[in-house]
There are 2 protein chains.
Amino acid sequence: MRRSEVPTPALLVDIDVLDRNIATMREAAAALGVALRPHAKAHKCVEIAQRVAAADAIGVSCATIGEAEAMALGGVAGILITAPLTSVEALDRLRRLLLRGADVSVVADDPRLVEPLGAVAVAAGRRLPVLVDIDFGMGRTGCVEIADAVALAKVIAAAPNLLYAGIQAYWGNLQQVTPFAERTRLISVQLERVRSALAALQAVNLSPPIVSGGGTGSHRIDAASGLFTEIQPGSYLFMDSCYGTISISENENPFAPSLFVAASVVSSIRPGRVIVNAGWKALAADSGKPVAVRGAPAGATYRFMGDEHGALDFEDGEAPAPGAIVEFLTSHCDPTVNLYSAFHVVRGEEVVDVWPIRARY
Amino acid sequence: MRRSEVPTPALLVDIDVLDRNIATMREAAAALGVALRPHAKAHKCVEIAQRVAAADAIGVSCATIGEAEAMALGGVAGILITAPLTSVEALDRLRRLLLRGADVSVVADDPRLVEPLGAVAVAAGRRLPVLVDIDFGMGRTGCVEIADAVALAKVIAAAPNLLYAGIQAYWGNLQQVTPFAERTRLISVQLERVRSALAALQAVNLSPPIVSGGGTGSHRIDAASGLFTEIQPGSYLFMDSCYGTISISENENPFAPSLFVAASVVSSIRPGRVIVNAGWKALAADSGKPVAVRGAPAGATYRFMGDEHGALDFEDGEAPAPGAIVEFLTSHCDPTVNLYSAFHVVRGEEVVDVWPIRARY
């Protein structure tokens, strides 16, 4: 199949760019002296997780029990579920994963979670590694006070069926702060709090074996602190128009876009405008508009026009004919990937593989 | 299974409210003297299309070839694909649908589409009904000038393998104009243009057998004009917080919300805030925030916090514990439905069925 023949709308991933991004992150982690546990929430794809694992990753981070199930089924080891599991249903799925021998760790931010997690471990006949999730200013999950984190670490360490495995420190809210110097400054404030947490834990003989955190926008700064044992970036695999405009290290972004959405022109009867078959169901809308990168007149701008359509407006150039393909760079890779059942894997003009996207809701 | 035991995040549909909405629309269409071809883009679900068909619908509208395939496979007749099919791949799927005997009509807005559509009909050994899609101010698909629509109708009528079936007149941009009087005024301007189009078509002996249009917000006004033979609303089945706040007829909204997203509390350690496992991958973000309607403290407000999480902030009331279920009314039903693989069908506190959602990309 040719790249221009995919059923649209379609999600394309350029395998050579993807592999370069994987290699770049592997080299960065090695140079920084941290292990890699890249996040699968960006791709939900066993084939990509296996490629990442082959590039020296120690495991895979997952946002949901469903992602963990998909990765375990695909034989990917070192699974860390980075948000607390709390519902009876999710805990039962965790129990079954452990029973099947899956290599899974979890996080907790509340002493009320320790008893149910312990019960899961008992039922599975396994010791379950648990990281204390600590909030560093994001206001989402995680213990707010360091004293609470220390208290929780003690409770976990004392639970016979749980293994106190370390801490999680992730600041999603700082990943895309610009300029880079300001991002560095804001993160340095949180790194001081991580230092305090480590000291407080060490004071009670609970120095964390694992300190996990770091996203695509922060991992260089985080890892350079020497406080982290591992990083869990995800978006670097694909990039998007939001990440594409920021620096990853000082004045540099070593990652290139590998992810595109292909759409067909369904209407081309107006001067200066064509309509494509990609709207809110094909392109994430939470972080702005997609950018046309192939097949559109230069300078064409996209506008969402409902669930299944978008308009491409342009001042000069020839309008693409009905049926022509236009490719877009999405503004936010993770929720865009989540809209598709598979990646069409491309190398130049050829489709060389199709990789399923797992564990959509 | 109990309603409180669904794997979260989950899409719930209240079957009794759904059935009341179906009955209300059936009565309205009968009273207004128009046929019903409700839109499947809102639900992508054969089980719902069958329920609608059992309530006197003459068929089902579809936004994509994939939806049409799903409906045909589910035995739903009277399929109208409401956006032009243009790509080689989509036209080949249309050919195969026709070969299988599916009852499908399409729309066109460009004379360049007539030859490929005719070739599909020849290859399938069938006559293919085609409606002329006319734009009435939305600026998306559809002939812009009435003269262009008349010219296209002539070309379609002259094509030996195509059947000129009528016109489509849909104004998605006016569905939610408030107040109702202003919506009525803006639509009346477009209804005058529909009258002109009908007169121009009649003048060349091409009076349209079918005049299709009308959405949840406009169908009463559209149908009352006497110009439409059928309406194609979809959101009335579910409603959402955007449609819930507008009048459907003067000072009245006879439809009730039947669609909810259930999420679990994953973190409850802060005063005045809990975190739920429903973010951009669980709730459409194009039309505002969801509203918590069950399980949350009174007055709690939702805030998106990334791909998998949202915050519920509240001033008074007891915080739900980790694992508690909170249900939300979404701001936009169609793209929210598109995020799930199935509806969990509820009646009161019981889950009584699970209906697959088809033809997601």
# chains A, B, ... in the order shown; residues from 1 in each chain; ligands from 1
>>> closest_atom_pairs(of="chain B", to="chain A", cutoff="6 Å", atoms="only C-alpha atoms", output="JSON lines")
{"residue": "B:Pro84", "atom": "CA", "partner": "A:Val266", "partner_atom": "CA", "distance": 5.8}
{"residue": "B:Thr86", "atom": "CA", "partner": "A:Gly323", "partner_atom": "CA", "distance": 4.6}
{"residue": "B:Ser87", "atom": "CA", "partner": "A:Gly323", "partner_atom": "CA", "distance": 4.0}
{"residue": "B:Thr141", "atom": "CA", "partner": "A:Ser267", "partner_atom": "CA", "distance": 5.8}
{"residue": "B:Val266", "atom": "CA", "partner": "A:Thr86", "partner_atom": "CA", "distance": 5.6}
{"residue": "B:Ser267", "atom": "CA", "partner": "A:Thr141", "partner_atom": "CA", "distance": 5.7}
{"residue": "B:Lys281", "atom": "CA", "partner": "A:Pro335", "partner_atom": "CA", "distance": 5.8}
{"residue": "B:Ala285", "atom": "CA", "partner": "A:Asp286", "partner_atom": "CA", "distance": 5.8}
{"residue": "B:Asp286", "atom": "CA", "partner": "A:Ala285", "partner_atom": "CA", "distance": 5.8}
{"residue": "B:Pro322", "atom": "CA", "partner": "A:Thr86", "partner_atom": "CA", "distance": 5.6}
{"residue": "B:Gly323", "atom": "CA", "partner": "A:Ser87", "partner_atom": "CA", "distance": 4.0}
{"residue": "B:Pro335", "atom": "CA", "partner": "A:Lys281", "partner_atom": "CA", "distance": 5.7}
{"residue": "B:Tyr340", "atom": "CA", "partner": "A:Tyr361", "partner_atom": "CA", "distance": 4.9}
{"residue": "B:Tyr361", "atom": "CA", "partner": "A:Tyr340", "partner_atom": "CA", "distance": 4.9}
>>> residues_around(residues="A:Ala102", least_positions_apart="6", cutoff="10 Å", atoms="only C-alpha atoms", output="PyMOL selection string")
chain A and resi 68-69+71-73+75-79+94-96
>>> select_by_dssp(residues="stretch 113-339 of chain A", states="strand (DSSP E or B)", output="ChimeraX atom specification")
/A:128-134,143,162-169,210-213,230-231,249,252,259-270,273-276,291-294,301-304,310-313,325-329
>>> select_by_dssp(residues="stretch 128-324 of chain B", states="alpha helix (DSSP H)", output="PyMOL selection string")
chain B and resi 146-158+180-203+219-224+241-244
>>> closest_residue(among="B:His219, B:Lys154, B:Arg20, B:Arg185", to="B:Ala35", atoms="only C-alpha atoms")
B:His219
>>> atom_distance(atom1="atom CA of A:Leu162", atom2="atom CA of A:Pro116")
10.7 Å
>>> residues_around(residues="stretch 163-171 of chain A", least_positions_apart="5", cutoff="6 Å", atoms="only C-alpha atoms", output="PyMOL selection string")
chain A and resi 128-134+138+156-157+208-214
>>> write_last_selection(atoms="all heavy atoms", output="mmCIF file, in the first residue's frame")
data_model
loop_
_atom_site.group_PDB
_atom_site.id
_atom_site.type_symbol
_atom_site.label_atom_id
_atom_site.label_comp_id
_atom_site.auth_asym_id
_atom_site.auth_seq_id
_atom_site.Cartn_x
_atom_site.Cartn_y
_atom_site.Cartn_z
ATOM 1 N N LEU A 128 4.028 -6.966 45.957
ATOM 2 C CA LEU A 128 3.726 -5.914 44.981
ATOM 3 C C LEU A 128 4.567 -4.675 45.275
ATOM 4 O O LEU A 128 4.432 -4.073 46.349
ATOM 5 C CB LEU A 128 2.236 -5.571 45.045
ATOM 6 C CG LEU A 128 1.760 -4.382 44.213
ATOM 7 C CD1 LEU A 128 1.956 -4.643 42.713
ATOM 8 C CD2 LEU A 128 0.282 -4.084 44.506
ATOM 9 N N PRO A 129 5.433 -4.258 44.331
ATOM 10 C CA PRO A 129 6.209 -3.031 44.545
ATOM 11 C C PRO A 129 5.317 -1.794 44.433
ATOM 12 O O PRO A 129 4.532 -1.669 43.490
ATOM 13 C CB PRO A 129 7.243 -3.050 43.405
ATOM 14 C CG PRO A 129 7.203 -4.448 42.847
ATOM 15 C CD PRO A 129 5.806 -4.946 43.085
ATOM 16 N N VAL A 130 5.471 -0.875 45.409
ATOM 17 C CA VAL A 130 4.663 0.353 45.437
ATOM 18 C C VAL A 130 5.580 1.560 45.592
ATOM 19 O O VAL A 130 6.434 1.589 46.481
ATOM 20 C CB VAL A 130 3.646 0.326 46.596
ATOM 21 C CG1 VAL A 130 2.760 1.575 46.560
ATOM 22 C CG2 VAL A 130 2.798 -0.942 46.555
ATOM 23 N N LEU A 131 5.393 2.553 44.716
ATOM 24 C CA LEU A 131 6.104 3.823 44.843
ATOM 25 C C LEU A 131 5.178 4.844 45.499
ATOM 26 O O LEU A 131 3.973 4.863 45.218
ATOM 27 C CB LEU A 131 6.516 4.361 43.468
ATOM 28 C CG LEU A 131 7.811 3.839 42.834
ATOM 29 C CD1 LEU A 131 7.685 2.365 42.486
ATOM 30 C CD2 LEU A 131 8.190 4.664 41.599
ATOM 31 N N VAL A 132 5.733 5.683 46.337
ATOM 32 C CA VAL A 132 4.955 6.779 46.916
ATOM 33 C C VAL A 132 4.901 7.911 45.888
ATOM 34 O O VAL A 132 5.943 8.427 45.461
ATOM 35 C CB VAL A 132 5.593 7.276 48.227
ATOM 36 C CG1 VAL A 132 4.837 8.495 48.758
ATOM 37 C CG2 VAL A 132 5.609 6.155 49.262
ATOM 38 N N ASP A 133 3.686 8.246 45.495
ATOM 39 C CA ASP A 133 3.477 9.327 44.530
ATOM 40 C C ASP A 133 3.436 10.641 45.319
ATOM 41 O O ASP A 133 2.626 10.805 46.238
ATOM 42 C CB ASP A 133 2.144 9.072 43.807
ATOM 43 C CG ASP A 133 1.875 10.052 42.676
ATOM 44 O OD1 ASP A 133 2.828 10.649 42.149
ATOM 45 O OD2 ASP A 133 0.681 10.207 42.322
ATOM 46 N N ILE A 134 4.339 11.565 44.980
ATOM 47 C CA ILE A 134 4.411 12.845 45.699
ATOM 48 C C ILE A 134 4.102 13.973 44.725
ATOM 49 O O ILE A 134 4.582 13.986 43.595
ATOM 50 C CB ILE A 134 5.811 13.068 46.336
ATOM 51 C CG1 ILE A 134 6.228 11.836 47.148
ATOM 52 C CG2 ILE A 134 5.809 14.327 47.205
ATOM 53 C CD1 ILE A 134 7.609 11.966 47.809
ATOM 54 N N MET A 138 1.843 20.209 40.955
ATOM 55 C CA MET A 138 0.898 20.040 39.843
ATOM 56 C C MET A 138 -0.542 20.049 40.338
ATOM 57 O O MET A 138 -1.452 20.438 39.607
ATOM 58 C CB MET A 138 1.205 18.743 39.085
ATOM 59 C CG MET A 138 0.293 18.509 37.883
ATOM 60 S SD MET A 138 0.947 17.341 36.674
ATOM 61 C CE MET A 138 1.335 15.925 37.682
ATOM 62 N N ILE A 156 3.695 1.551 53.856
ATOM 63 C CA ILE A 156 3.942 0.599 52.769
ATOM 64 C C ILE A 156 5.055 -0.374 53.165
ATOM 65 O O ILE A 156 4.940 -1.596 52.988
ATOM 66 C CB ILE A 156 4.312 1.345 51.467
ATOM 67 C CG1 ILE A 156 3.109 2.149 50.951
ATOM 68 C CG2 ILE A 156 4.803 0.369 50.398
ATOM 69 C CD1 ILE A 156 3.448 3.147 49.857
ATOM 70 N N ALA A 157 6.143 0.174 53.721
ATOM 71 C CA ALA A 157 7.287 -0.665 54.089
ATOM 72 C C ALA A 157 6.899 -1.689 55.153
ATOM 73 O O ALA A 157 7.474 -2.781 55.216
ATOM 74 C CB ALA A 157 8.438 0.218 54.579
ATOM 75 N N PRO A 208 14.724 6.007 48.884
ATOM 76 C CA PRO A 208 13.991 5.316 47.819
ATOM 77 C C PRO A 208 14.922 4.627 46.824
ATOM 78 O O PRO A 208 15.785 5.282 46.233
ATOM 79 C CB PRO A 208 13.215 6.453 47.143
ATOM 80 C CG PRO A 208 13.955 7.698 47.479
ATOM 81 C CD PRO A 208 14.604 7.471 48.806
ATOM 82 N N PRO A 209 14.745 3.330 46.604
ATOM 83 C CA PRO A 209 15.528 2.651 45.558
ATOM 84 C C PRO A 209 15.256 3.242 44.176
ATOM 85 O O PRO A 209 16.161 3.346 43.358
ATOM 86 C CB PRO A 209 15.030 1.201 45.636
ATOM 87 C CG PRO A 209 14.391 1.062 46.978
ATOM 88 C CD PRO A 209 13.865 2.413 47.327
ATOM 89 N N ILE A 210 14.004 3.637 43.923
ATOM 90 C CA ILE A 210 13.632 4.220 42.635
ATOM 91 C C ILE A 210 13.155 5.647 42.856
ATOM 92 O O ILE A 210 12.350 5.905 43.761
ATOM 93 C CB ILE A 210 12.499 3.404 41.967
ATOM 94 C CG1 ILE A 210 12.983 2.005 41.578
ATOM 95 C CG2 ILE A 210 11.938 4.137 40.745
ATOM 96 C CD1 ILE A 210 11.875 1.086 41.062
ATOM 97 N N VAL A 211 13.655 6.579 42.043
ATOM 98 C CA VAL A 211 13.072 7.922 41.962
ATOM 99 C C VAL A 211 12.703 8.123 40.494
ATOM 100 O O VAL A 211 13.577 8.252 39.632
ATOM 101 C CB VAL A 211 14.047 9.010 42.447
ATOM 102 C CG1 VAL A 211 13.388 10.386 42.358
ATOM 103 C CG2 VAL A 211 14.510 8.723 43.873
ATOM 104 N N SER A 212 11.386 8.096 40.216
ATOM 105 C CA SER A 212 10.902 8.079 38.833
ATOM 106 C C SER A 212 10.175 9.375 38.514
ATOM 107 O O SER A 212 9.394 9.882 39.326
ATOM 108 C CB SER A 212 9.958 6.881 38.636
ATOM 109 O OG SER A 212 9.644 6.718 37.268
ATOM 110 N N GLY A 213 10.419 9.915 37.326
ATOM 111 C CA GLY A 213 9.734 11.139 36.914
ATOM 112 C C GLY A 213 10.288 11.577 35.566
ATOM 113 O O GLY A 213 10.922 10.802 34.870
ATOM 114 N N GLY A 214 10.036 12.831 35.215
ATOM 115 C CA GLY A 214 10.623 13.347 33.984
ATOM 116 C C GLY A 214 9.781 13.089 32.761
ATOM 117 O O GLY A 214 9.433 11.943 32.467
#
>>> atom_distance(atom1="atom CA of B:Asn21", atom2="atom CA of B:Ile248")
12.6 Å
>>> atom_distance(atom1="atom CA of A:Val114", atom2="atom CA of A:Leu227")
25.9 Å
>>> closest_residue(among="A:Glu315, A:Asp135, A:Glu349, A:Glu252", to="A:Met1", atoms="only C-alpha atoms")
A:Glu349
